[in-house]
file model_9.cif (mmCIF, C-alpha atoms and all ligand atoms)
data_model
#
loop_
_atom_site.group_PDB
_atom_site.id
_atom_site.type_symbol
_atom_site.label_atom_id
_atom_site.label_comp_id
_atom_site.auth_asym_id
_atom_site.auth_seq_id
_atom_site.Cartn_x
_atom_site.Cartn_y
_atom_site.Cartn_z
ATOM 1 C CA MET A 505 -4.754 285.024 117.093
ATOM 2 C CA GLY A 506 -3.841 288.047 114.999
ATOM 3 C CA CYS A 507 -0.770 290.142 115.682
ATOM 4 C CA LEU A 508 -0.983 293.898 115.058
ATOM 5 C CA VAL A 509 2.745 294.116 114.396
ATOM 6 C CA CYS A 510 2.600 291.306 111.811
ATOM 7 C CA ASP A 511 -0.403 293.116 110.279
ATOM 8 C CA ARG A 512 1.651 296.293 109.939
ATOM 9 C CA ILE A 513 4.525 294.361 108.397
ATOM 10 C CA ASN A 514 2.134 292.825 105.869
ATOM 11 C CA LEU A 515 0.926 296.319 104.918
ATOM 12 C CA ILE A 516 4.566 297.317 104.376
ATOM 13 C CA LYS A 517 5.103 294.308 102.121
ATOM 14 C CA LYS A 518 2.050 295.340 100.094
ATOM 15 C CA GLY A 519 3.388 298.906 99.836
ATOM 16 C CA GLU A 520 0.421 300.242 101.805
ATOM 17 C CA ASN A 521 2.027 301.725 104.909
ATOM 18 C CA PRO A 522 2.821 305.454 104.539
ATOM 19 C CA TYR A 523 4.790 305.325 107.815
ATOM 20 C CA PHE A 524 7.297 302.892 106.371
ATOM 21 C CA VAL A 525 10.883 304.180 106.320
ATOM 22 C CA CYS A 526 13.085 301.276 105.240
ATOM 23 C CA GLU A 527 13.813 297.606 105.565
ATOM 24 C CA LEU A 528 16.965 296.387 107.297
ATOM 25 C CA GLU A 529 18.264 292.834 107.601
ATOM 26 C CA THR A 530 16.351 292.011 110.813
ATOM 27 C CA GLY A 531 13.505 294.489 110.886
ATOM 28 C CA TYR A 532 11.398 297.284 109.458
ATOM 29 C CA VAL A 533 11.695 300.942 110.396
ATOM 30 C CA VAL A 534 8.454 302.916 110.668
ATOM 31 C CA LEU A 535 7.577 306.346 112.008
ATOM 32 C CA GLY A 536 5.174 306.466 114.935
ATOM 33 C CA ASP A 537 1.536 307.198 114.040
ATOM 34 C CA HIS A 538 1.550 310.160 116.403
ATOM 35 C CA GLN A 539 4.487 312.522 116.734
ATOM 36 C CA ARG A 540 3.892 314.055 120.161
ATOM 37 C CA PHE A 541 7.632 313.356 120.467
ATOM 38 C CA LYS A 542 8.956 314.565 117.142
ATOM 39 C CA GLY A 543 10.888 311.801 115.441
ATOM 40 C CA TYR A 544 9.223 308.951 117.353
ATOM 41 C CA THR A 545 10.226 305.848 115.403
ATOM 42 C CA LEU A 546 9.675 302.116 115.756
ATOM 43 C CA PHE A 547 11.855 299.206 114.770
ATOM 44 C CA LEU A 548 9.735 296.099 114.137
ATOM 45 C CA CYS A 549 11.472 292.739 114.376
ATOM 46 C CA LYS A 550 11.072 290.574 111.256
ATOM 47 C CA LYS A 551 10.488 287.523 113.405
ATOM 48 C CA HIS A 552 7.261 287.105 115.321
ATOM 49 C CA GLN A 553 8.876 286.431 118.662
ATOM 50 C CA THR A 554 8.001 287.636 122.142
ATOM 51 C CA GLU A 555 11.316 287.826 124.008
ATOM 52 C CA LEU A 556 14.802 288.873 122.923
ATOM 53 C CA HIS A 557 16.351 285.775 124.493
ATOM 54 C CA LEU A 558 14.149 283.550 122.318
ATOM 55 C CA LEU A 559 15.764 284.888 119.145
ATOM 56 C CA GLU A 560 18.647 282.963 117.674
ATOM 57 C CA TYR A 561 21.869 284.548 118.983
ATOM 58 C CA SER A 562 23.364 286.001 115.795
ATOM 59 C CA PHE A 563 19.962 287.313 114.655
ATOM 60 C CA LYS A 564 19.428 288.903 118.067
ATOM 61 C CA MET A 565 22.805 290.660 118.025
ATOM 62 C CA LYS A 566 22.192 291.930 114.513
ATOM 63 C CA TYR A 567 18.725 293.145 115.521
ATOM 64 C CA LEU A 568 20.145 295.061 118.481
ATOM 65 C CA GLU A 569 22.921 296.521 116.348
ATOM 66 C CA GLU A 570 20.432 297.684 113.733
ATOM 67 C CA MET A 571 18.131 299.096 116.411
ATOM 68 C CA SER A 572 21.049 301.145 117.711
ATOM 69 C CA LEU A 573 21.812 302.391 114.211
ATOM 70 C CA VAL A 574 18.190 303.465 113.687
ATOM 71 C CA ALA A 575 18.268 305.297 117.036
ATOM 72 C CA GLU A 576 21.485 307.040 116.005
ATOM 73 C CA ALA A 577 19.902 308.177 112.743
ATOM 74 C CA VAL A 578 16.883 309.561 114.633
ATOM 75 C CA TYR A 579 19.284 311.312 117.000
ATOM 76 C CA ASN A 580 21.254 312.878 114.151
ATOM 77 C CA ILE A 581 18.117 314.280 112.559
ATOM 78 C CA TYR A 582 16.116 315.453 115.575
ATOM 79 C CA HIS A 583 18.949 316.426 117.942
ATOM 80 C CA PRO A 584 17.237 315.349 121.162
ATOM 81 C CA GLU A 585 18.833 315.819 124.546
ATOM 82 C CA LYS A 586 18.277 312.112 125.218
ATOM 83 C CA MET A 587 17.126 309.046 123.294
ATOM 84 C CA ASN A 588 14.723 306.574 124.931
ATOM 85 C CA HIS A 589 14.917 302.956 123.691
ATOM 86 C CA GLU A 590 11.967 300.899 124.873
ATOM 87 C CA LEU A 591 11.028 297.284 124.293
ATOM 88 C CA LEU A 592 7.782 296.712 126.187
ATOM 89 C CA GLY A 593 5.249 294.423 124.547
ATOM 90 C CA MET A 594 2.405 294.324 127.048
ATOM 91 C CA GLY A 595 -0.002 295.382 124.285
ATOM 92 C CA ASP A 596 1.469 293.512 121.337
ATOM 93 C CA ALA A 597 4.032 290.937 122.399
ATOM 94 C CA HIS A 598 5.825 290.794 119.015
ATOM 95 C CA ILE A 599 9.287 292.308 119.604
ATOM 96 C CA TYR A 600 9.676 295.937 118.538
ATOM 97 C CA PHE A 601 11.477 298.968 119.881
ATOM 98 C CA HIS A 602 9.953 302.363 120.531
ATOM 99 C CA LEU A 603 12.617 305.021 119.881
ATOM 100 C CA PHE A 604 11.718 308.378 121.393
ATOM 101 C CA PRO A 605 13.803 311.545 120.961
ATOM 102 C CA ARG A 606 13.393 313.398 124.262
ATOM 103 C CA HIS A 607 13.988 316.880 125.592
ATOM 104 C CA TYR A 608 14.197 317.688 129.261
ATOM 105 C CA GLY A 609 10.856 318.912 130.509
ATOM 106 C CA ASP A 610 8.941 317.573 127.510
ATOM 107 C CA LEU A 611 6.226 315.946 129.652
ATOM 108 C CA GLY A 612 5.260 319.346 131.010
ATOM 109 C CA LYS A 613 2.758 319.161 133.849
ATOM 110 C CA TYR A 614 2.535 315.366 133.557
ATOM 111 C CA GLY A 615 6.161 314.823 134.474
ATOM 112 C CA ASN A 616 8.323 315.046 137.528
ATOM 113 C CA ASN A 617 9.755 318.506 136.792
ATOM 114 C CA GLY A 618 8.547 317.776 133.266
ATOM 115 C CA ASN A 619 10.499 314.513 133.088
ATOM 116 C CA GLY A 620 9.647 310.808 133.232
ATOM 117 C CA PRO A 621 8.654 307.948 130.938
ATOM 118 C CA VAL A 622 6.583 309.040 127.931
ATOM 119 C CA TRP A 623 3.821 306.723 129.160
ATOM 120 C CA TRP A 624 3.092 309.111 132.015
ATOM 121 C CA LEU A 625 1.254 311.226 129.450
ATOM 122 C CA PRO A 626 -2.481 310.573 129.307
ATOM 123 C CA LYS A 627 -3.529 308.673 126.173
ATOM 124 C CA GLU A 628 -5.561 311.674 124.973
ATOM 125 C CA GLU A 629 -2.368 313.733 124.913
ATOM 126 C CA MET A 630 -0.048 311.027 123.544
ATOM 127 C CA TRP A 631 -2.385 310.007 120.723
ATOM 128 C CA ASP A 632 -4.032 313.377 120.026
ATOM 129 C CA ASP A 633 -4.890 313.796 116.334
ATOM 130 C CA GLN A 634 -2.981 317.081 116.210
ATOM 131 C CA TYR A 635 0.201 314.973 116.381
ATOM 132 C CA ARG A 636 -0.650 312.897 113.331
ATOM 133 C CA PRO A 637 1.652 313.953 110.499
ATOM 134 C CA SER A 638 0.147 314.888 107.128
ATOM 135 C CA LEU A 639 1.002 312.732 104.111
ATOM 136 C CA ASP A 640 3.386 315.444 102.912
ATOM 137 C CA GLU A 641 5.172 315.546 106.254
ATOM 138 C CA LEU A 642 5.321 311.750 106.252
ATOM 139 C CA LYS A 643 6.926 311.704 102.825
ATOM 140 C CA ARG A 644 9.570 314.174 103.912
ATOM 141 C CA SER A 645 10.267 312.606 107.316
ATOM 142 C CA THR A 646 10.442 309.008 106.088
ATOM 143 C CA GLN A 647 12.775 309.955 103.229
ATOM 144 C CA ARG A 648 15.034 311.977 105.496
ATOM 145 C CA LEU A 649 15.299 309.165 108.028
ATOM 146 C CA LYS A 650 15.897 306.566 105.335
ATOM 147 C CA ASP A 651 18.722 308.666 103.855
ATOM 148 C CA GLU A 652 20.378 309.043 107.249
ATOM 149 C CA ILE A 653 20.081 305.316 108.060
ATOM 150 C CA LEU A 654 21.633 304.403 104.720
ATOM 151 C CA ARG A 655 24.382 306.990 105.198
ATOM 152 C CA LEU A 656 25.256 305.605 108.642
ATOM 153 C CA LYS A 657 25.135 302.041 107.371
ATOM 154 C CA ALA A 658 27.575 302.862 104.570
ATOM 155 C CA GLU A 659 29.842 304.720 106.999
ATOM 156 C CA LYS A 660 30.018 301.736 109.359
ATOM 157 C CA ASN A 661 30.693 299.114 106.687
HETATM 158 ZN ZN ZN B 1 3.702 289.291 115.049
#
call {"tool": "encode", "arguments": {"input": "model_9.cif", "output": "structure tokens", "more": "lines below"}}
Ligand SMILES: [Zn+2]
result
Amino acid sequence: MGCLVCDRINLIKKGENPYFVCELETGYVVLGDHQRFKGYTLFLCKKHQTELHLLEYSFKMKYLEEMSLVAEAVYNIYHPEKMNHELLGMGDAHIYFHLFPRHYGDLGKYGNNGNGPVWWLPKEEMWDDQYRPSLDELKRSTQRLKDEILRLKAEKN
């Protein structure tokens, strides 16, 4: 059976994914297709695996470390009040993290005082075409995030 995450990774390898930010040792960084939460980023695991505990230990620790670094870079650029790190996988089981920069009240009427998991938003709101970045915006945002990830990586080495 096909895997949508593997499909995306194959597009990256062919240079055909405009959402691609950069490649790290254990995964690929991509911007989310829709930016209802500005800076929404994903970190796709290089291995097609379904659970963290099924990854080999040192690879798993490196993956988590790199995920944290990507989240930090998103944080530095978008200055959220809170980062959300989510590994779900009920749609596509291949391991990947959703990294959402959040602001208090950003769910508006769909939240509990505006707050709650992003998935409380109706799909029509979450995936509304108005939140799809233009190619120009994508170029800028992916470059900016890549620069910050590389800067942080250099700083930590
Ligand atoms: Zn896969």
call {"tool": "resolve_selection", "arguments": {"input": "model_9.cif", "expression": "the PyMOL selection byres (((chain A and resi 528) around 12) and not hetatm)", "output": "PDB file with C-alpha atoms, in the coordinates of the input"}}
result
ATOM      1  CA  PHE A 524       7.297 302.892 106.371  1.00  0.00           C
ATOM      2  CA  VAL A 525      10.883 304.180 106.320  1.00  0.00           C
ATOM      3  CA  CYS A 526      13.085 301.276 105.240  1.00  0.00           C
ATOM      4  CA  GLU A 527      13.813 297.606 105.565  1.00  0.00           C
ATOM      5  CA  GLU A 529      18.264 292.834 107.601  1.00  0.00           C
ATOM      6  CA  THR A 530      16.351 292.011 110.813  1.00  0.00           C
ATOM      7  CA  GLY A 531      13.505 294.489 110.886  1.00  0.00           C
ATOM      8  CA  TYR A 532      11.398 297.284 109.458  1.00  0.00           C
ATOM      9  CA  VAL A 533      11.695 300.942 110.396  1.00  0.00           C
ATOM     10  CA  VAL A 534       8.454 302.916 110.668  1.00  0.00           C
ATOM     11  CA  PHE A 547      11.855 299.206 114.770  1.00  0.00           C
ATOM     12  CA  LEU A 548       9.735 296.099 114.137  1.00  0.00           C
ATOM     13  CA  CYS A 549      11.472 292.739 114.376  1.00  0.00           C
ATOM     14  CA  LYS A 550      11.072 290.574 111.256  1.00  0.00           C
ATOM     15  CA  LYS A 566      22.192 291.930 114.513  1.00  0.00           C
ATOM     16  CA  TYR A 567      18.725 293.145 115.521  1.00  0.00           C
ATOM     17  CA  LEU A 568      20.145 295.061 118.481  1.00  0.00           C
ATOM     18  CA  GLU A 569      22.921 296.521 116.348  1.00  0.00           C
ATOM     19  CA  GLU A 570      20.432 297.684 113.733  1.00  0.00           C
ATOM     20  CA  MET A 571      18.131 299.096 116.411  1.00  0.00           C
ATOM     21  CA  LEU A 573      21.812 302.391 114.211  1.00  0.00           C
ATOM     22  CA  VAL A 574      18.190 303.465 113.687  1.00  0.00           C
ATOM     23  CA  LYS A 650      15.897 306.566 105.335  1.00  0.00           C
ATOM     24  CA  ILE A 653      20.081 305.316 108.060  1.00  0.00           C
ATOM     25  CA  LEU A 654      21.633 304.403 104.720  1.00  0.00           C
ATOM     26  CA  LYS A 657      25.135 302.041 107.371  1.00  0.00           C
TER      27      LYS A 657
END
call {"tool": "residues_near_point", "arguments": {"input": "model_9.cif", "point": "(9.2, 307.3, 114.2)", "cutoff": "12 Å", "atoms": "all atoms listed in the file", "output": "JSON, numbers by chain"}}
result
{"A": [522, 523, 524, 525, 526, 532, 533, 534, 535, 536, 537, 538, 539, 540, 541, 542, 543, 544, 545, 546, 547, 548, 574, 575, 577, 578, 579, 581, 582, 589, 601, 602, 603, 604, 605, 636, 637, 642, 645, 646, 647, 648, 649, 650]}
call {"tool": "atom_distance", "arguments": {"input": "model_9.cif", "atom1": "atom CA of A:Tyr561", "atom2": "atom CA of A:Ile599"}}
result
14.8 Å
call {"tool": "residues_near_ligand", "arguments": {"input": "model_9.cif", "ligand": "ligand ZN 1 (chain B)", "cutoff": "9 Å", "atoms": "all atoms listed in the file", "output": "tab-separated table (two decimals) with C-alpha atoms, in the coordinates of the input"}}
result
chain	number	residue	atom	x	y	z
A	506	GLY	CA	-3.84	288.05	115.00
A	507	CYS	CA	-0.77	290.14	115.68
A	508	LEU	CA	-0.98	293.90	115.06
A	509	VAL	CA	2.74	294.12	114.40
A	510	CYS	CA	2.60	291.31	111.81
A	511	ASP	CA	-0.40	293.12	110.28
A	512	ARG	CA	1.65	296.29	109.94
A	513	ILE	CA	4.53	294.36	108.40
A	549	CYS	CA	11.47	292.74	114.38
A	550	LYS	CA	11.07	290.57	111.26
A	551	LYS	CA	10.49	287.52	113.40
A	552	HIS	CA	7.26	287.10	115.32
A	553	GLN	CA	8.88	286.43	118.66
A	554	THR	CA	8.00	287.64	122.14
A	596	ASP	CA	1.47	293.51	121.34
A	597	ALA	CA	4.03	290.94	122.40
A	598	HIS	CA	5.82	290.79	119.02
A	599	ILE	CA	9.29	292.31	119.60
call {"tool": "closest_residue", "arguments": {"input": "model_9.cif", "among": "A:Ile516, A:Leu611, A:Met587, A:Leu592", "to": "A:Leu556", "atoms": "all atoms listed in the file"}}
result
A:Leu592
call {"tool": "atom_distance", "arguments": {"input": "model_9.cif", "atom1": "atom CA of A:Trp631", "atom2": "atom CA of A:Tyr614"}}
result
14.8 Å
call {"tool": "residues_around", "arguments": {"input": "model_9.cif", "residues": "stretch 615-626 of chain A", "least_positions_apart": "6", "cutoff": "9 Å", "atoms": "only C-alpha atoms", "output": "PyMOL selection string"}}
result
chain A and resi 541+588+604+606-609
call {"tool": "write_last_selection", "arguments": {"input": "model_9.cif", "atoms": "C-alpha atoms", "output": "mmCIF file, in the coordinates of the input"}}
result
data_model
loop_
_atom_site.group_PDB
_atom_site.id
_atom_site.type_symbol
_atom_site.label_atom_id
_atom_site.label_comp_id
_atom_site.auth_asym_id
_atom_site.auth_seq_id
_atom_site.Cartn_x
_atom_site.Cartn_y
_atom_site.Cartn_z
ATOM 1 C CA PHE A 541 7.632 313.356 120.467
ATOM 2 C CA ASN A 588 14.723 306.574 124.931
ATOM 3 C CA PHE A 604 11.718 308.378 121.393
ATOM 4 C CA ARG A 606 13.393 313.398 124.262
ATOM 5 C CA HIS A 607 13.988 316.880 125.592
ATOM 6 C CA TYR A 608 14.197 317.688 129.261
ATOM 7 C CA GLY A 609 10.856 318.912 130.509
#
call {"tool": "atom_distance", "arguments": {"input": "model_9.cif", "atom1": "atom CA of A:Leu591", "atom2": "atom CA of A:Glu555"}}
result
9.5 Å
